[in-house]
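Enquirer: Before we start, here is the structure in question, set down as structure tokens.
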Amino acid sequence: MAHIDYDRILPRSIVEMPSSGIRKFFDILDSMTDVTALTVGQPDFLTPWKIREAGIESLEMGKTYYTSNAGTLKLRQEISRYMNRRFDLTYDPKNEVVVTVGGSEAIDVAMRTLLSPGDEVIIPTPCFVCYEPLCKMTGAIPVIVETRNEDKFKLTPELLESAITEKTKMLVLAYPNNPTGAIMDAEDLEKIAKILREKQIIVLSDEIYAELTYGHRHVSIASLPEMWERTVVVSGFSKAYAMTGWRLGYICAPAPLAKQMLKLHQYAIMCAPTTAQLAAITALRDCDDDVAMMTAEYDRRRRLIYNGLRDIGVESFEPEGAFYIYPNIGKFGLSSEEFCEKLLYEHRCAIVPGVAFGAAGEGFARISYAYSVKHINQALERMEAFIKSLK
Amino acid sequence: MDTLLKILEDNATLTPAQLAVMLDKEEGDIKNLIEKYETDGVILGYKTMIDWDKTDREYVSAMIEVKMTPQRDRGFDRIAEKIYQYPEVQSVYLMSGGYDLCLIIEGRTMKEVAYFVAQKLAPIESVLSTATHFVLRKYKDKGVVYGAPEVDERGYFI
């Protein structure tokens, strides 16, 4: 009997896929106690009680079956209404909405549906970690462009044009942005749209943080003239409704695209969890006030941490979306990993090295303010002590 | 400006400077506003939430339902004012429903609380009856959960 050789069995593409660029940092974090962390990428609020209750009730009523593959029609109708009232977008709930297991599945399905080997995908970085590996899994080629602090981490038309080739199939647009907290307003988006209207390029617009903007309302690129037909919007319930653990997201796309995506979703997933789907109907119907309350609270924390960092001599552009701030730590003469490791070891405060979000993150760190004010103030004190020790 | 009050109600340790930043106002304006709230009696004081069960202080608290005869013209006010003079009395509420006043009493021992009821509260003219319920465990008070500090169980996905 031959000994099974996993090295021969596992494809290279999988083995070489990084689990995370900064595993070492999180290993250290895991081994320490009494750390004031500002690392998480999820709300600190509980899912509003109304939503939890709707989930519980659905279980009590024995609603434990599969739904249709695209998700229960009622939920798709609510998503369609929501997209219309919030972002002025029109999607047919029957043919243009697919309910997924979180925004992550939505991204995966959209990429696998649209990309063929050799296609190029423009990915503005720094960005959330999943686009590049998921893109590579399809055989497509990620084309990384680096957005800049001086542009407030927006994708500029120059940057976009410099990356477009004949092979470009997709542009990933993730605003409000994780990790930078950058947003793109209608004017910024129009400059991008102007280029795209002339091309055969699909925008994968990840709008998971759409509810969390401060000062400006989120604008979807799909709402710009002639952009609806070139855009796949992915979003979900995790950030807006504090429903990360429910794992529920959705795709809104023109019917010919949605129809193909639904096939992949159907074979891989069957349908998103029924309990989460039924709870999400309540989220969209009854929870605007809860969302407003959470957003107002994030906004206060955003100002607190932005000013707090400035006061201790750490510069950052002022974030306008999501719940992250992305200070420039380059002037302290340490790499972003060294900076964060020292801060963690010496002052027991954890923030995420910018390089976790791509090479463009060198010289930066991501700080999440999805934490209580007390916690944020404590972290600021620890950071202040650290900054003083560097001088 | 309710938001300021809501924030202070949750956390009175924030400085006017921090509050000003959070609310996008001037520090001086926040100071003035707080001062005005204090003068107007909107803000009555600042206290600390303490879980005495974690200390060695001997301590017991009870909720007492009081039925009374209201007084002509003054209703329950005068009698409530008399009752809240006692230092043992932490809270006094006028209630709708089956009884009139609800008191929260703190004492060192159950005996002390019982003594208060028998010797001080019950003899008050117009008190018809009392029912004392001892607190066995405090789970949550004024929005604060008692017990072990909450552990952040969120996975730190980035």
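Here's how to read the names in the structure tokens: chain A, B, ... by the order shown, residue numbers from 1 in each chain, ligand numbers from 1 in the order shown.
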What are the closest atom pairs, with distances in Å to one decimal, for each residue of chain B lying within 12 Å of chain A, using only C-alpha atoms, rows by chain and rising residue number, as CSV?

Expert:
```
residue,atom,partner,partner_atom,distance
B:Thr3,CA,A:Ala296,CA,9.9
B:Leu4,CA,A:Arg300,CA,11.0
B:Lys6,CA,A:Glu297,CA,11.1
B:Ile7,CA,A:Glu297,CA,9.7
B:Leu8,CA,A:Val373,CA,11.6
B:Asp10,CA,A:Val373,CA,10.2
B:Asn11,CA,A:Lys374,CA,8.3
B:Ala12,CA,A:Lys374,CA,10.8
B:Thr13,CA,A:Lys374,CA,9.1
B:Leu14,CA,A:Lys374,CA,8.6
B:Thr15,CA,A:Asn377,CA,11.2
B:Ala17,CA,A:Leu304,CA,9.8
B:Gln18,CA,A:Leu304,CA,6.7
B:Leu19,CA,A:Leu304,CA,8.3
B:Ala20,CA,A:Leu304,CA,9.0
B:Val21,CA,A:Leu304,CA,5.7
B:Met22,CA,A:Arg300,CA,4.3
B:Leu23,CA,A:Arg300,CA,6.3
B:Asp24,CA,A:Arg303,CA,7.7
B:Lys25,CA,A:Arg303,CA,11.0
B:Glu150,CA,A:Asp44,CA,11.9
B:Val151,CA,A:Asp34,CA,11.1
B:Asp152,CA,A:Asp44,CA,8.8
B:Glu153,CA,A:Asp44,CA,10.1
B:Arg154,CA,A:Val40,CA,7.2
B:Gly155,CA,A:Val40,CA,6.9
B:Tyr156,CA,A:Val40,CA,4.2
B:Phe157,CA,A:Gly41,CA,5.7
B:Ile158,CA,A:Gly41,CA,5.2
```

Enquirer: Could you name the residues that touch stretch 44-52 of chain B at 12 Å or less, counting only C-alpha atoms, but leaving out those on the same chain fewer than 3 positions away, as a PyMOL selection string?

Expert: chain B and resi 5+8-14+34-41+55-61+106+108+137-149

Enquirer: Could you turn the residues from that selection into a file that holds N, CA and C atoms, as a short mmCIF file (atom, residue, chain, number, x, y, z; two decimals), in the first residue's frame?

Expert:
```
data_model
loop_
_atom_site.label_atom_id
_atom_site.label_comp_id
_atom_site.auth_asym_id
_atom_site.auth_seq_id
_atom_site.Cartn_x
_atom_site.Cartn_y
_atom_site.Cartn_z
N LEU B 5 -26.44 64.51 26.32
CA LEU B 5 -26.95 63.89 27.54
C LEU B 5 -26.88 62.36 27.45
N LEU B 8 -23.27 61.32 27.95
CA LEU B 8 -22.86 61.48 29.35
C LEU B 8 -23.54 60.47 30.26
N GLU B 9 -24.78 60.14 29.93
CA GLU B 9 -25.49 59.16 30.75
C GLU B 9 -24.76 57.82 30.72
N ASP B 10 -24.19 57.49 29.57
CA ASP B 10 -23.46 56.23 29.43
C ASP B 10 -22.06 56.31 30.01
N ASN B 11 -21.45 57.47 29.92
CA ASN B 11 -20.05 57.57 30.32
C ASN B 11 -19.75 59.00 30.76
N ALA B 12 -19.76 59.21 32.08
CA ALA B 12 -19.59 60.56 32.60
C ALA B 12 -18.12 60.95 32.70
N THR B 13 -17.22 60.03 32.35
CA THR B 13 -15.80 60.35 32.52
C THR B 13 -15.21 61.07 31.29
N LEU B 14 -16.00 61.18 30.23
CA LEU B 14 -15.47 61.86 29.04
C LEU B 14 -15.26 63.35 29.34
N ILE B 34 -22.95 71.92 29.54
CA ILE B 34 -22.99 71.04 30.71
C ILE B 34 -23.31 71.85 31.96
N GLU B 35 -22.68 73.02 32.03
CA GLU B 35 -22.91 73.89 33.18
C GLU B 35 -24.40 74.29 33.27
N LYS B 36 -24.95 74.59 32.11
CA LYS B 36 -26.35 74.99 32.08
C LYS B 36 -27.25 73.82 32.50
N TYR B 37 -26.92 72.64 31.98
CA TYR B 37 -27.69 71.45 32.37
C TYR B 37 -27.61 71.24 33.88
N GLU B 38 -26.44 71.51 34.43
CA GLU B 38 -26.28 71.32 35.88
C GLU B 38 -27.09 72.36 36.65
N THR B 39 -27.01 73.62 36.18
CA THR B 39 -27.76 74.69 36.86
C THR B 39 -29.26 74.44 36.77
N ASP B 40 -29.69 73.99 35.60
CA ASP B 40 -31.13 73.78 35.42
C ASP B 40 -31.63 72.50 36.09
N GLY B 41 -30.71 71.74 36.65
CA GLY B 41 -31.13 70.50 37.30
C GLY B 41 -31.45 69.39 36.31
N THR B 55 -16.55 43.03 46.24
CA THR B 55 -15.75 43.59 47.33
C THR B 55 -16.15 42.84 48.61
N ASP B 56 -15.49 43.17 49.74
CA ASP B 56 -15.91 42.46 50.95
C ASP B 56 -16.92 43.27 51.77
N ARG B 57 -17.50 44.27 51.13
CA ARG B 57 -18.53 45.04 51.84
C ARG B 57 -19.75 44.15 52.10
N GLU B 58 -20.22 44.18 53.35
CA GLU B 58 -21.46 43.48 53.68
C GLU B 58 -22.60 44.35 53.20
N TYR B 59 -23.52 43.77 52.49
CA TYR B 59 -24.46 44.63 51.80
C TYR B 59 -25.65 43.83 51.31
N VAL B 60 -26.83 44.41 51.50
CA VAL B 60 -28.03 43.76 50.99
C VAL B 60 -28.97 44.85 50.48
N SER B 61 -29.71 44.54 49.43
CA SER B 61 -30.68 45.54 48.99
C SER B 61 -32.04 44.88 48.80
N GLU B 106 -31.07 50.02 50.81
CA GLU B 106 -29.81 49.30 51.00
C GLU B 106 -29.47 49.25 52.49
N ARG B 108 -26.82 46.92 55.61
CA ARG B 108 -25.69 46.01 55.76
C ARG B 108 -26.17 44.57 55.78
N ARG B 137 -29.74 38.73 43.36
CA ARG B 137 -28.60 38.92 42.47
C ARG B 137 -28.92 40.03 41.49
N LYS B 138 -27.94 40.88 41.26
CA LYS B 138 -28.12 41.96 40.31
C LYS B 138 -27.49 41.55 38.98
N TYR B 139 -28.30 41.45 37.95
CA TYR B 139 -27.77 41.07 36.64
C TYR B 139 -27.41 42.30 35.81
N LYS B 140 -28.26 43.31 35.92
CA LYS B 140 -28.05 44.49 35.09
C LYS B 140 -28.67 45.67 35.81
N ASP B 141 -28.00 46.79 35.84
CA ASP B 141 -28.53 47.97 36.49
C ASP B 141 -28.15 49.19 35.66
N LYS B 142 -29.10 50.05 35.40
CA LYS B 142 -28.87 51.27 34.62
C LYS B 142 -28.09 50.97 33.33
N GLY B 143 -28.46 49.90 32.69
CA GLY B 143 -27.83 49.56 31.41
C GLY B 143 -26.49 48.87 31.51
N VAL B 144 -26.01 48.68 32.75
CA VAL B 144 -24.69 48.04 32.92
C VAL B 144 -24.89 46.60 33.39
N VAL B 145 -24.23 45.67 32.71
CA VAL B 145 -24.34 44.26 33.06
C VAL B 145 -23.36 43.93 34.18
N TYR B 146 -23.84 43.27 35.22
CA TYR B 146 -22.99 42.88 36.34
C TYR B 146 -22.43 41.49 36.11
N GLY B 147 -21.33 41.20 36.74
CA GLY B 147 -20.72 39.88 36.61
C GLY B 147 -19.38 40.02 35.94
N ALA B 148 -18.97 38.92 35.29
CA ALA B 148 -17.64 38.91 34.68
C ALA B 148 -17.57 39.97 33.58
N PRO B 149 -16.42 40.63 33.43
CA PRO B 149 -16.30 41.58 32.33
C PRO B 149 -16.51 40.86 31.00
#
```

Enquirer: Between A:Ile387, A:Val35, A:Ala365, A:Leu284, which one has atoms that come closest to A:Tyr82, using only C-alpha atoms?

Expert: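 Closest to A:Tyr82, using only C-alpha atoms: A:Leu284.
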
Enquirer: Taking into account only C-alpha atoms, which residue in the set B:Asp53, B:Glu125, B:Glu65, B:Asp73 is nearest to B:Ile105?

Expert: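 Using only C-alpha atoms, B:Ile105 sits closest to B:Glu65.
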
Enquirer: Provide the atom CA of A:Leu334 to atom CA of A:Phe386 distance in Å, to one decimal place.

Expert: 12.7 Å

Enquirer: Excluding stretch 77-87 of chain B and its own-chain neighbours fewer than 2 positions away, which residues fall within 10 Å of it when counting only C-alpha atoms? Please give them as a list of chain:residue names.

Expert: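 Neighbouring residues, sequence-local ones excluded: B:Met68, B:Thr69, B:Pro70, B:Gln71, B:Asp73, B:Arg74, B:Gly75, B:Val89, B:Gln90, B:Ser91, B:Val92, B:Tyr93, B:Leu94, B:Leu101, B:Cys102, B:Leu103, B:Ile105, B:Glu106, B:Gly107, B:Phe116, B:Lys120, B:Leu121, B:Ile124, B:Glu125, B:Ser126, B:Val127.
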
Enquirer: Those selected residues, please, written with C-alpha atoms and delivered as a PDB file, in the first residue's frame.

Expert:
```pdb
ATOM      1  CA  MET B  68     -50.581  54.294  51.244  1.00  0.00           C
ATOM      2  CA  THR B  69     -53.493  56.637  51.691  1.00  0.00           C
ATOM      3  CA  PRO B  70     -52.896  59.784  49.663  1.00  0.00           C
ATOM      4  CA  GLN B  71     -53.118  63.074  51.513  1.00  0.00           C
ATOM      5  CA  ASP B  73     -54.137  68.284  48.141  1.00  0.00           C
ATOM      6  CA  ARG B  74     -50.627  66.856  48.250  1.00  0.00           C
ATOM      7  CA  GLY B  75     -51.319  63.300  47.116  1.00  0.00           C
ATOM      8  CA  VAL B  89     -33.482  54.746  50.882  1.00  0.00           C
ATOM      9  CA  GLN B  90     -31.732  54.722  47.514  1.00  0.00           C
ATOM     10  CA  SER B  91     -34.725  55.238  45.242  1.00  0.00           C
ATOM     11  CA  VAL B  92     -38.365  56.193  45.547  1.00  0.00           C
ATOM     12  CA  TYR B  93     -40.811  55.846  42.673  1.00  0.00           C
ATOM     13  CA  LEU B  94     -44.533  56.571  42.517  1.00  0.00           C
ATOM     14  CA  LEU B 101     -44.567  53.688  46.160  1.00  0.00           C
ATOM     15  CA  CYS B 102     -41.657  51.505  45.196  1.00  0.00           C
ATOM     16  CA  LEU B 103     -38.551  51.925  47.354  1.00  0.00           C
ATOM     17  CA  ILE B 105     -33.401  50.133  50.240  1.00  0.00           C
ATOM     18  CA  GLU B 106     -29.809  49.297  51.004  1.00  0.00           C
ATOM     19  CA  GLY B 107     -28.562  47.980  54.294  1.00  0.00           C
ATOM     20  CA  PHE B 116     -35.990  49.877  58.818  1.00  0.00           C
ATOM     21  CA  LYS B 120     -39.340  53.534  60.412  1.00  0.00           C
ATOM     22  CA  LEU B 121     -41.455  52.838  57.357  1.00  0.00           C
ATOM     23  CA  ILE B 124     -45.621  56.275  59.138  1.00  0.00           C
ATOM     24  CA  GLU B 125     -49.184  57.438  59.203  1.00  0.00           C
ATOM     25  CA  SER B 126     -50.888  56.805  55.885  1.00  0.00           C
ATOM     26  CA  VAL B 127     -48.690  53.779  55.117  1.00  0.00           C
TER      27      VAL B 127
END
```

Enquirer: Quick one: everything within 8 Å of A:Val219, counting only C-alpha atoms, minus sequence neighbours fewer than 5 positions away in the same chain. Send it as an mmCIF file with N, CA and C atoms, in the first residue's frame.

Expert:
```cif
data_model
loop_
_atom_site.group_PDB
_atom_site.id
_atom_site.type_symbol
_atom_site.label_atom_id
_atom_site.label_comp_id
_atom_site.auth_asym_id
_atom_site.auth_seq_id
_atom_site.Cartn_x
_atom_site.Cartn_y
_atom_site.Cartn_z
ATOM 1 N N PHE A 87 -30.404 53.825 -2.877
ATOM 2 C CA PHE A 87 -29.345 54.123 -3.844
ATOM 3 C C PHE A 87 -29.872 54.391 -5.257
ATOM 4 N N MET A 184 -15.902 57.221 -2.473
ATOM 5 C CA MET A 184 -15.889 57.931 -3.753
ATOM 6 C C MET A 184 -17.271 58.521 -3.958
ATOM 7 N N ASP A 185 -17.319 59.845 -4.178
ATOM 8 C CA ASP A 185 -18.625 60.474 -4.359
ATOM 9 C C ASP A 185 -19.010 60.450 -5.836
ATOM 10 N N ALA A 186 -20.171 61.015 -6.153
ATOM 11 C CA ALA A 186 -20.702 60.931 -7.516
ATOM 12 C C ALA A 186 -19.711 61.499 -8.527
#
```

Enquirer: Between atom CA of A:Leu115 and atom CA of A:Gly139, what distance in Å does the model show, to one decimal?

Expert: 7.8 Å

Enquirer: Between atom CA of A:Ile251 and atom CA of A:Glu198, measure the distance and give it in Å to one decimal.

Expert: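 Computing it gives 24.2 Å between the two atoms.
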
Enquirer: Residues of chain B classed as strand (DSSP E or B) by DSSP on the backbone are to be reported as a PyMOL selection string.

Expert: chain B and resi 60-68+71+75+89-94+101-107+127-134+140-141+144-145

Enquirer: Which residues are close to A:Ala359, i.e. within 9 Å by only C-alpha atoms, leaving aside same-chain residues fewer than 3 positions away? Reply as number ranges by chain.

Expert: A: 125-126, 146, 354-356, 362

Enquirer: Go through B:Ser96, B:Val135, B:Lys31, B:Val66 and flag the residue nearest B:Thr109, using only C-alpha atoms for the distances.

Expert: B:Val135

Enquirer: Give me the residues within 6 Å of stretch 335-345 of chain A as a ChimeraX atom specification, counting only C-alpha atoms and dropping any in the same chain fewer than 6 places off.

Expert: /A:353,362-364
